[in-house]
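Data from coords-v5.csv: CSV, C-alpha atoms
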chain,number,residue,atom,x,y,z
A,1,MET,CA,117.6,121.3,149.4
A,2,LYS,CA,115.2,121.2,152.3
A,3,LYS,CA,114.9,125.0,152.0
A,4,MET,CA,114.0,124.8,148.4
A,5,LEU,CA,111.3,122.2,149.1
A,6,ALA,CA,109.8,124.3,151.8
A,7,LEU,CA,109.7,127.4,149.6
A,8,THR,CA,107.9,125.4,146.8
A,9,LEU,CA,105.3,124.2,149.3
A,10,ILE,CA,104.6,127.6,150.6
A,11,THR,CA,104.2,129.1,147.1
A,12,SER,CA,101.7,126.3,146.2
A,13,MET,CA,99.6,127.0,149.3
A,14,ILE,CA,99.5,130.7,148.5
A,15,LEU,CA,98.3,130.1,145.0
A,16,SER,CA,95.8,127.6,146.1
A,17,CYS,CA,94.3,130.0,148.7
A,18,ALA,CA,94.1,132.7,146.1
A,19,ALA,CA,92.2,130.4,143.7
A,20,CYS,CA,89.7,129.5,146.4
A,21,SER,CA,89.2,133.1,147.3
A,22,THR,CA,88.4,133.9,143.7
A,23,GLN,CA,85.8,131.1,143.5
A,24,GLN,CA,84.1,132.1,146.7
A,25,ASN,CA,83.9,135.9,146.0
A,26,PRO,CA,83.1,136.6,142.3
A,27,PRO,CA,84.3,139.9,141.0
A,28,GLN,CA,81.8,142.8,141.5
A,29,LYS,CA,82.3,143.9,137.9
A,30,GLU,CA,80.0,141.0,136.8
A,31,THR,CA,77.1,142.0,139.0
A,32,ALA,CA,77.3,145.7,138.4
A,33,PRO,CA,76.0,145.5,134.8
A,34,GLN,CA,73.1,143.3,136.0
A,35,ALA,CA,72.1,146.1,138.4
A,36,ALA,CA,72.3,148.7,135.6
A,37,SER,CA,70.3,146.4,133.3
A,38,THR,CA,67.5,146.1,136.0
A,39,ASN,CA,67.4,149.9,136.3
A,40,GLY,CA,67.3,150.4,132.6
A,41,GLY,CA,64.5,147.9,132.3
A,42,ALA,CA,62.5,149.9,134.8
A,43,GLU,CA,63.1,153.1,132.8
A,44,THR,CA,62.0,151.3,129.6
A,45,THR,CA,58.8,150.1,131.2
A,46,GLN,CA,58.0,153.6,132.4
A,47,ALA,CA,58.6,155.0,128.9
A,48,GLU,CA,56.3,152.4,127.4
A,49,GLN,CA,53.6,153.2,130.1
A,50,LYS,CA,53.9,156.9,129.2
A,51,LYS,CA,53.5,156.0,125.6
A,52,GLU,CA,50.4,153.9,126.3
A,53,GLU,CA,49.0,156.6,128.5
A,54,LYS,CA,49.4,159.1,125.6
A,55,LYS,CA,47.3,156.8,123.5
A,56,GLU,CA,44.7,155.9,126.1
A,57,GLN,CA,41.5,154.2,125.0
A,58,LYS,CA,39.4,156.5,122.9
A,59,ASN,CA,35.7,155.8,122.4
A,60,ILE,CA,34.3,158.0,119.6
A,61,SER,CA,31.2,158.1,117.5
A,62,VAL,CA,30.4,158.9,113.9
A,63,VAL,CA,26.9,160.1,113.1
A,64,THR,CA,25.5,159.4,109.7
A,65,GLY,CA,22.2,158.9,107.9
A,66,PRO,CA,19.5,156.3,108.4
A,67,VAL,CA,20.1,152.6,108.5
A,68,GLY,CA,20.5,151.1,105.0
A,69,GLY,CA,21.6,154.4,103.4
A,70,SER,CA,25.0,154.9,101.8
A,71,MET,CA,26.2,157.2,104.6
A,72,TYR,CA,25.4,154.6,107.2
A,73,VAL,CA,26.9,151.7,105.3
A,74,ILE,CA,30.1,153.5,104.2
A,75,SER,CA,30.9,155.0,107.6
A,76,GLY,CA,30.0,151.6,109.2
A,77,ALA,CA,32.6,149.9,107.1
A,78,TRP,CA,35.2,152.5,108.1
A,79,ALA,CA,34.3,152.0,111.8
A,80,ASP,CA,34.5,148.2,111.6
A,81,ILE,CA,38.0,148.4,110.2
A,82,VAL,CA,39.2,150.8,112.8
A,83,ASN,CA,37.7,148.6,115.6
A,84,LYS,CA,39.5,145.6,114.3
A,85,THR,CA,42.9,147.2,113.7
A,86,SER,CA,43.3,150.0,116.2
A,87,PRO,CA,44.7,149.1,119.7
A,88,TYR,CA,43.2,152.2,121.3
A,89,ILE,CA,40.3,153.6,119.2
A,90,GLN,CA,36.8,152.2,119.2
A,91,VAL,CA,34.2,153.7,116.8
A,92,THR,CA,30.4,153.6,117.2
A,93,ASN,CA,28.4,154.1,114.0
A,94,GLN,CA,25.4,156.2,115.0
A,95,VAL,CA,22.2,156.6,113.1
A,96,GLY,CA,21.4,160.2,112.1
A,97,GLY,CA,19.0,162.2,109.9
A,98,GLY,CA,21.1,163.6,107.1
A,99,SER,CA,23.8,166.1,106.5
A,100,ALA,CA,22.4,169.2,108.2
A,101,TYR,CA,21.4,167.1,111.2
A,102,CYS,CA,24.9,165.6,111.4
A,103,ALA,CA,26.7,168.9,111.2
A,104,ARG,CA,24.5,170.2,114.1
A,105,VAL,CA,25.4,167.1,116.1
A,106,LEU,CA,29.1,168.0,115.8
A,107,GLY,CA,28.4,171.6,116.6
A,108,ASN,CA,26.7,170.5,119.8
A,109,ASN,CA,29.6,168.2,120.7
A,110,GLU,CA,27.4,165.1,120.6
A,111,ALA,CA,29.7,163.2,118.3
A,112,GLU,CA,33.3,163.4,117.2
A,113,PHE,CA,32.8,162.6,113.4
A,114,ALA,CA,30.0,162.9,110.9
A,115,MET,CA,29.2,162.2,107.3
A,116,VAL,CA,28.2,165.6,105.8
A,117,GLY,CA,27.7,166.7,102.2
A,118,ASN,CA,30.3,169.3,101.1
A,119,ASP,CA,27.5,171.8,100.4
A,120,VAL,CA,26.0,171.6,103.8
A,121,ALA,CA,29.5,171.5,105.4
A,122,TYR,CA,30.3,174.8,103.7
A,123,TYR,CA,27.1,176.4,105.0
A,124,ALA,CA,27.6,175.0,108.5
A,125,ARG,CA,31.1,176.3,108.8
A,126,ASN,CA,30.3,179.8,107.4
A,127,GLY,CA,26.9,180.2,109.1
A,128,GLU,CA,25.0,180.6,105.9
A,129,ASP,CA,21.7,179.3,104.4
A,130,VAL,CA,20.0,177.0,107.0
A,131,PHE,CA,22.9,177.6,109.4
A,132,GLU,CA,22.5,181.4,109.5
A,133,GLY,CA,23.2,182.5,113.1
A,134,GLU,CA,24.4,179.0,114.2
A,135,ALA,CA,27.7,178.5,112.5
A,136,VAL,CA,29.8,175.4,113.3
A,137,ASP,CA,33.0,177.4,112.8
A,138,ASN,CA,35.3,174.7,114.0
A,139,LEU,CA,34.0,172.2,111.4
A,140,VAL,CA,36.8,170.5,109.4
A,141,CYS,CA,37.1,167.3,107.4
A,142,ILE,CA,39.5,164.4,106.8
A,143,GLY,CA,38.5,163.8,103.1
A,144,ALA,CA,35.8,163.5,100.5
A,145,LEU,CA,34.3,160.1,99.5
A,146,TYR,CA,31.5,159.2,97.2
A,147,ALA,CA,29.1,161.3,95.3
A,148,GLU,CA,25.4,161.7,96.2
A,149,GLY,CA,23.3,162.5,93.2
A,150,PHE,CA,19.9,164.3,93.1
A,151,HIS,CA,17.2,162.1,91.4
A,152,THR,CA,13.5,161.6,91.4
A,153,ILE,CA,11.7,158.3,92.0
A,154,VAL,CA,8.2,157.7,90.6
A,155,ARG,CA,6.0,154.6,90.0
A,156,LYS,CA,6.5,153.1,86.5
A,157,ASP,CA,2.9,153.7,85.6
A,158,SER,CA,2.8,157.3,86.9
A,159,GLY,CA,3.4,159.0,83.5
A,160,ILE,CA,5.8,161.5,85.3
A,161,THR,CA,9.1,161.9,83.5
A,162,SER,CA,10.4,165.3,84.6
A,163,ILE,CA,10.3,168.0,87.4
A,164,GLU,CA,8.1,170.0,85.1
A,165,ASP,CA,5.5,167.2,85.0
A,166,ILE,CA,5.3,167.3,88.9
A,167,ALA,CA,4.7,171.0,89.0
A,168,ALA,CA,2.4,171.2,85.9
A,169,ASN,CA,0.0,168.6,87.4
A,170,LYS,CA,0.5,169.7,91.1
A,171,LYS,CA,1.7,166.3,92.0
A,172,SER,CA,2.7,165.4,95.5
A,173,VAL,CA,6.4,164.9,96.1
A,174,THR,CA,8.5,164.1,99.2
A,175,VAL,CA,11.4,166.5,99.5
A,176,GLY,CA,13.4,164.9,102.4
A,177,PRO,CA,13.2,165.2,106.2
A,178,PRO,CA,14.0,168.4,108.1
A,179,GLY,CA,17.7,168.9,108.5
A,180,SER,CA,18.7,166.8,105.5
A,181,GLY,CA,20.8,167.6,102.5
A,182,THR,CA,17.9,166.3,100.3
A,183,LEU,CA,15.6,169.0,101.7
A,184,THR,CA,18.2,171.7,101.0
A,185,ASN,CA,18.9,170.5,97.5
A,186,SER,CA,15.2,170.0,96.7
A,187,GLN,CA,14.9,173.8,97.3
A,188,ARG,CA,17.9,174.5,95.0
A,189,VAL,CA,16.6,172.2,92.2
A,190,LEU,CA,13.1,173.7,92.2
A,191,ASP,CA,14.6,177.2,92.2
A,192,ALA,CA,16.6,176.2,89.1
A,193,TYR,CA,13.3,175.4,87.4
A,194,GLY,CA,11.7,178.7,88.6
A,195,LEU,CA,9.6,176.8,91.1
A,196,THR,CA,9.1,176.7,94.9
A,197,PHE,CA,7.6,174.2,97.4
A,198,ASP,CA,4.3,176.1,96.9
A,199,ASP,CA,4.2,174.9,93.3
A,200,VAL,CA,4.2,171.3,94.3
A,201,LYS,CA,2.6,169.3,97.1
A,202,ALA,CA,5.8,169.0,99.2
A,203,LYS,CA,5.9,166.5,102.0
A,204,GLU,CA,8.9,166.3,104.4
A,205,LEU,CA,9.2,162.6,104.9
A,206,ASP,CA,12.3,160.7,105.8
A,207,PHE,CA,14.1,158.5,103.2
A,208,THR,CA,12.5,155.1,104.0
A,209,GLU,CA,9.1,156.6,104.5
A,210,SER,CA,9.4,158.3,101.1
A,211,ALA,CA,10.1,155.0,99.4
A,212,GLU,CA,7.3,153.3,101.2
A,213,ALA,CA,4.9,156.1,100.2
A,214,ILE,CA,5.8,155.6,96.5
A,215,ARG,CA,5.2,151.9,96.8
A,216,ASP,CA,1.9,152.4,98.5
A,217,GLY,CA,0.7,155.1,96.2
A,218,HIS,CA,0.5,157.8,98.9
A,219,VAL,CA,2.7,160.2,97.0
A,220,ASP,CA,3.4,160.7,93.3
A,221,ALA,CA,7.2,161.3,93.4
A,222,ALA,CA,10.1,161.4,95.8
A,223,PHE,CA,13.3,163.5,95.7
A,224,TYR,CA,16.5,162.0,96.8
A,225,MET,CA,20.0,163.4,97.2
A,226,THR,CA,21.7,160.1,98.2
A,227,GLY,CA,24.2,157.6,97.1
A,228,VAL,CA,22.8,155.9,94.0
A,229,PRO,CA,21.3,153.3,94.0
A,230,TYR,CA,19.7,154.0,97.3
A,231,GLY,CA,18.9,150.9,99.4
A,232,PRO,CA,15.3,151.5,100.4
A,233,VAL,CA,14.4,152.5,96.9
A,234,THR,CA,16.0,149.3,95.5
A,235,ASP,CA,14.0,147.3,98.1
A,236,ILE,CA,10.6,148.6,97.0
A,237,SER,CA,11.4,148.3,93.3
A,238,ILE,CA,11.4,144.5,93.8
A,239,THR,CA,7.6,144.6,94.2
A,240,GLN,CA,6.7,148.0,92.7
A,241,PRO,CA,8.2,148.9,89.3
A,242,ILE,CA,9.7,152.3,89.4
A,243,ASN,CA,11.3,154.9,87.1
A,244,ALA,CA,14.1,157.3,88.0
A,245,PHE,CA,15.1,160.6,86.3
A,246,GLY,CA,17.6,163.4,86.9
A,247,LEU,CA,17.6,167.0,85.7
A,248,SER,CA,17.5,168.9,82.5
A,249,GLN,CA,20.8,170.2,81.1
A,250,ASP,CA,19.7,173.7,81.6
A,251,ALA,CA,19.0,173.1,85.3
A,252,ILE,CA,22.4,171.4,85.7
A,253,ASP,CA,24.2,174.3,84.1
A,254,LYS,CA,22.4,176.8,86.4
A,255,LEU,CA,23.1,174.8,89.5
A,256,MET,CA,26.8,174.3,88.6
A,257,GLU,CA,27.2,178.0,88.0
A,258,GLN,CA,25.5,179.0,91.2
A,259,TYR,CA,27.0,176.4,93.5
A,260,PRO,CA,30.7,175.6,92.7
A,261,PHE,CA,30.8,172.7,95.1
A,262,LEU,CA,28.3,170.7,93.0
A,263,VAL,CA,29.6,168.2,90.5
A,264,SER,CA,27.9,166.9,87.3
A,265,ILE,CA,27.4,163.1,87.2
A,266,SER,CA,25.7,160.6,84.9
A,267,TYR,CA,24.1,157.4,86.0
A,268,PRO,CA,23.7,154.4,83.6
A,269,GLU,CA,20.6,152.4,82.6
A,270,ASN,CA,19.4,149.9,85.2
A,271,THR,CA,20.9,151.9,88.1
A,272,TYR,CA,17.6,150.8,89.5
A,273,GLU,CA,16.1,147.7,87.9
A,274,GLY,CA,14.5,148.7,84.6
A,275,THR,CA,15.2,152.4,84.8
A,276,GLY,CA,16.9,154.5,82.1
A,277,GLY,CA,20.1,156.4,82.4
A,278,PHE,CA,20.0,160.0,83.6
A,279,ASP,CA,22.2,163.1,84.2
A,280,THR,CA,22.1,165.2,87.3
A,281,VAL,CA,24.2,167.1,89.9
A,282,ALA,CA,25.8,165.6,93.0
A,283,VAL,CA,27.7,166.6,96.1
A,284,ARG,CA,30.7,164.8,97.6
A,285,MET,CA,30.2,163.3,101.0
A,286,LEU,CA,32.8,164.4,103.5
A,287,ILE,CA,34.0,162.7,106.7
A,288,THR,CA,33.8,165.7,109.0
A,289,THR,CA,35.0,166.4,112.5
A,290,THR,CA,36.0,169.5,114.6
A,291,THR,CA,39.2,171.1,115.6
A,292,ASP,CA,38.5,169.9,119.2
A,293,VAL,CA,39.3,166.3,118.3
A,294,ASP,CA,42.8,165.2,119.1
A,295,GLU,CA,45.3,165.5,116.2
A,296,GLU,CA,46.8,162.0,116.8
A,297,VAL,CA,43.4,160.4,116.7
A,298,VAL,CA,42.5,162.1,113.4
A,299,TYR,CA,45.9,161.2,111.9
A,300,ASP,CA,45.4,157.5,112.8
A,301,LEU,CA,41.8,157.5,111.5
A,302,THR,CA,42.8,159.2,108.3
A,303,LYS,CA,45.5,156.6,107.8
A,304,THR,CA,43.1,153.8,108.3
A,305,LEU,CA,40.7,155.3,105.8
A,306,VAL,CA,43.2,155.8,103.1
A,307,GLU,CA,44.9,152.4,103.5
A,308,ASN,CA,41.6,150.6,103.4
A,309,LEU,CA,39.8,152.7,100.8
A,310,ASP,CA,39.1,149.8,98.4
A,311,GLN,CA,37.7,147.6,101.1
A,312,ILE,CA,35.4,150.4,102.3
A,313,ALA,CA,34.3,151.3,98.8
A,314,ALA,CA,33.3,147.6,98.1
A,315,THR,CA,30.6,147.7,100.8
A,316,HIS,CA,28.1,149.7,98.9
A,317,SER,CA,27.3,150.1,95.2
A,318,CYS,CA,27.9,153.9,95.4
A,319,GLY,CA,31.4,153.1,96.4
A,320,ALA,CA,32.3,153.0,92.7
A,321,THR,CA,32.8,156.7,92.9
A,322,ILE,CA,35.3,156.4,95.8
A,323,SER,CA,39.0,156.6,95.0
A,324,LYS,CA,42.1,158.4,96.2
A,325,ASP,CA,41.6,160.8,93.3
A,326,VAL,CA,38.5,162.3,95.0
A,327,LEU,CA,39.7,162.4,98.6
A,328,LEU,CA,40.9,166.0,98.3
A,329,ASP,CA,38.6,167.0,95.4
A,330,ARG,CA,36.6,170.2,95.7
A,331,LEU,CA,36.7,170.3,99.5
A,332,SER,CA,34.4,173.0,100.8
A,333,ILE,CA,36.0,173.2,104.3
A,334,PRO,CA,39.6,172.9,105.6
A,335,LEU,CA,41.3,169.7,106.5
A,336,HIS,CA,41.9,168.8,110.2
A,337,PRO,CA,45.6,169.3,111.0
A,338,GLY,CA,45.9,165.5,111.8
A,339,ALA,CA,44.5,164.6,108.3
A,340,GLU,CA,46.7,167.3,106.7
A,341,ARG,CA,49.8,165.9,108.3
A,342,TYR,CA,49.0,162.4,107.0
A,343,TYR,CA,48.4,163.5,103.5
A,344,LYS,CA,51.7,165.4,103.4
A,345,GLU,CA,53.5,162.4,104.7
A,346,ILE,CA,52.3,160.2,101.8
A,347,GLY,CA,52.8,163.0,99.2
A,348,MET,CA,49.2,163.8,98.5
A,349,LEU,CA,49.7,167.4,99.8
A,350,LYS,CA,52.8,169.6,99.7

What would the structure in this file look like if it were written as structure tokens?
Amino acid sequence: MKKMLALTLITSMILSCAACSTQQNPPQKETAPQAASTNGGAETTQAEQKKEEKKEQKNISVVTGPVGGSMYVISGAWADIVNKTSPYIQVTNQVGGGSAYCARVLGNNEAEFAMVGNDVAYYARNGEDVFEGEAVDNLVCIGALYAEGFHTIVRKDSGITSIEDIAANKKSVTVGPPGSGTLTNSQRVLDAYGLTFDDVKAKELDFTESAEAIRDGHVDAAFYMTGVPYGPVTDISITQPINAFGLSQDAIDKLMEQYPFLVSISYPENTYEGTGGFDTVAVRMLITTTTDVDEEVVYDLTKTLVENLDQIAATHSCGATISKDVLLDRLSIPLHPGAERYYKEIGMLK
């Protein structure tokens, strides 16, 4: 009996000691996963850092037309949305001097993006017309936006109702600033009428100066190849009644046949206060860039453009001609690979 009692006590002590040992020395298996988790966290952090490094902060600029013009307003809206939504891209909307000027800025690597008419873009990439000998052969685009129509502005009491009137009476006319799409298209339009700058009193003024010259009576007419209505013209029409007219059907037909990137467009009455409707030719404005710009940046900027197209279009009256239907319409230069990739992803390109 005594032996049985002693055995029981010894067994109890052994079990008690084992229990204490277990409490004082937790199994290593519980701590090993924690160590693995810590190492895994470090690896994850490094991966995230590498990802952020890949999308390091990008400060880019888009060069456009003068303040108040359709180019400046539309591109400014795009830039604002990018700046509010992108974690790594900041866009500066830079004042420029028109399509040819903007294309040259890209060619000189002075900006990453620019608003350029599809006519001027074609000449710039191929080294033709005003770009002969100075091709921007890496010029590409991310899409087409609104139409810029050719039209003539005169004072209401001028008695001028057509291009023929300007030439027949040797009236003075502003034809756009040097390097602008307006200047290029002024030459084309006069040629379609069998005229040259020598047949009119041509003055190369910028767009705001042209409107002010009409208001002050310093010139008889002003040619514009801009989004319609054009802001500075609308401003002067408040105090100086104006008239606006387009081109004859014969001139439109000649221009459309000679320049396949031109489109025909009609503007309704009261496009400017008190003016009649008119028909004319137009070019699509492209958002252009170069193949030097990073593909991922262009992909993200194209995505932002397409996903916010309605909001961008609402910022200017000429935005009525902006839609997904025209983004890839009659492009005169290739798409940037980043833009092309995005359009394929959403099914707009095969």

My list of candidates is A:Ala114, A:His336, A:Ile142, A:Gln94. Which is closest to Asp294 in chain A when distances are computed with only C-alpha atoms?
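Smallest separation from Asp294 in chain A among the options: A:His336.
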
Quick one: of A:Arg155, A:Lys254, A:Arg104, A:Lys344, who's nearest to Ala213 in chain A, counting only C-alpha atoms?
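The shortest atom-to-atom distance to Ala213 in chain A comes from A:Arg155.
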
Please compute the CA of Glu269 in chain A-CA of Val228 in chain A distance, one decimal, in Å.
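Spanning CA of Glu269 in chain A to CA of Val228 in chain A is a straight-line distance of 12.1 Å.
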
Between CA of Ile333 in chain A and CA of Ile74 in chain A, measure the distance and give it in Å to one decimal.
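About the pair CA of Ile333 in chain A and CA of Ile74 in chain A: they are 20.6 Å apart.
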
Which residues come within 7 Å of range 195-210 of chain A, counting all atoms listed in the file, excluding same-chain residues fewer than 3 positions away, as a ChimeraX atom specification?
/A:166-167,170-178,187,190-191,213-214,222,232

Find the residue from A:Met256, A:Val263, A:Val293, A:Val140 that sits nearest to Ile60 in chain A; use only C-alpha atoms when measuring.
A:Val293

Can you tell me how far CA of Gly217 in chain A sits from CA of His151 in chain A, in Å to one decimal?
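CA of Gly217 in chain A sits 18.6 Å away from CA of His151 in chain A.
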
Under the rule that only C-alpha atoms are counted, which of A:Leu255, A:Val62, A:Ala339, A:Leu331 is the nearest residue to Ala121 in chain A?
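Closest to Ala121 in chain A, using only C-alpha atoms: A:Leu331.
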
With only C-alpha atoms as the basis for distance, which of A:Asp325, A:Cys141, A:Lys350, A:Thr152 is at the shortest distance from Pro337 in chain A?
A:Cys141

Around (39.3, 158.3, 121.1), as given in the file, which residues come within 12 Å? Count only C-alpha atoms and list them as a PyMOL selection string.
chain A and resi 54-62+82-83+86-92+111-113+292-301

Leaving out range 321-323 of chain A and any residue of its chain fewer than 6 positions from it, which residues lie within 10 Å of it when counting all atoms listed in the file, given as a short mmCIF file (atom, residue, chain, number, x, y, z; two decimals) with C-alpha atoms, in the frame of the given file?
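Output file part_39.cif is given in full below:
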data_model
loop_
_atom_site.label_atom_id
_atom_site.label_comp_id
_atom_site.auth_asym_id
_atom_site.auth_seq_id
_atom_site.Cartn_x
_atom_site.Cartn_y
_atom_site.Cartn_z
CA ALA A 144 35.80 163.50 100.50
CA LEU A 145 34.30 160.10 99.50
CA TYR A 146 31.50 159.20 97.20
CA ALA A 147 29.10 161.30 95.30
CA GLU A 148 25.40 161.70 96.20
CA GLY A 227 24.20 157.60 97.10
CA ARG A 284 30.70 164.80 97.60
CA VAL A 306 43.20 155.80 103.10
CA LEU A 309 39.80 152.70 100.80
CA ASP A 310 39.10 149.80 98.40
CA ILE A 312 35.40 150.40 102.30
CA ALA A 313 34.30 151.30 98.80
CA ALA A 314 33.30 147.60 98.10
#

Compile the contact shell of Ile238 in chain A as number ranges by chain: residues with an atom at most 12 Å away, counting all atoms listed in the file, same-chain residues fewer than 3 positions apart removed.
A: 211, 215, 231-235, 241-242, 272-274

Compute the distance from (26.8, 181.2, 112.7) to each atom, counting all atoms listed in the file, keep the residues with any atom at most 12 Å away, and return them as a ChimeraX atom specification; use the coordinates of the file.
/A:104,107,122-139

Looking at A:Thr271, A:Gly149, A:Ile252, A:Gly159, which one is nearest to Val189 in chain A, with distances taken over all atoms listed in the file?
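Among the listed residues, the smallest separation from Val189 in chain A belongs to A:Ile252.
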
Using only C-alpha atoms, which protein or nucleic acid residues come within 8 Å of Tyr230 in chain A? Drop anything in the same chain fewer than 4 positions from it, and give the result as a CSV table (one decimal) with C-alpha atoms, keeping the file's coordinate frame.
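Result written to selection_28.csv:
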chain,number,residue,atom,x,y,z
A,69,GLY,CA,21.6,154.4,103.4
A,70,SER,CA,25.0,154.9,101.8
A,226,THR,CA,21.7,160.1,98.2
A,234,THR,CA,16.0,149.3,95.5
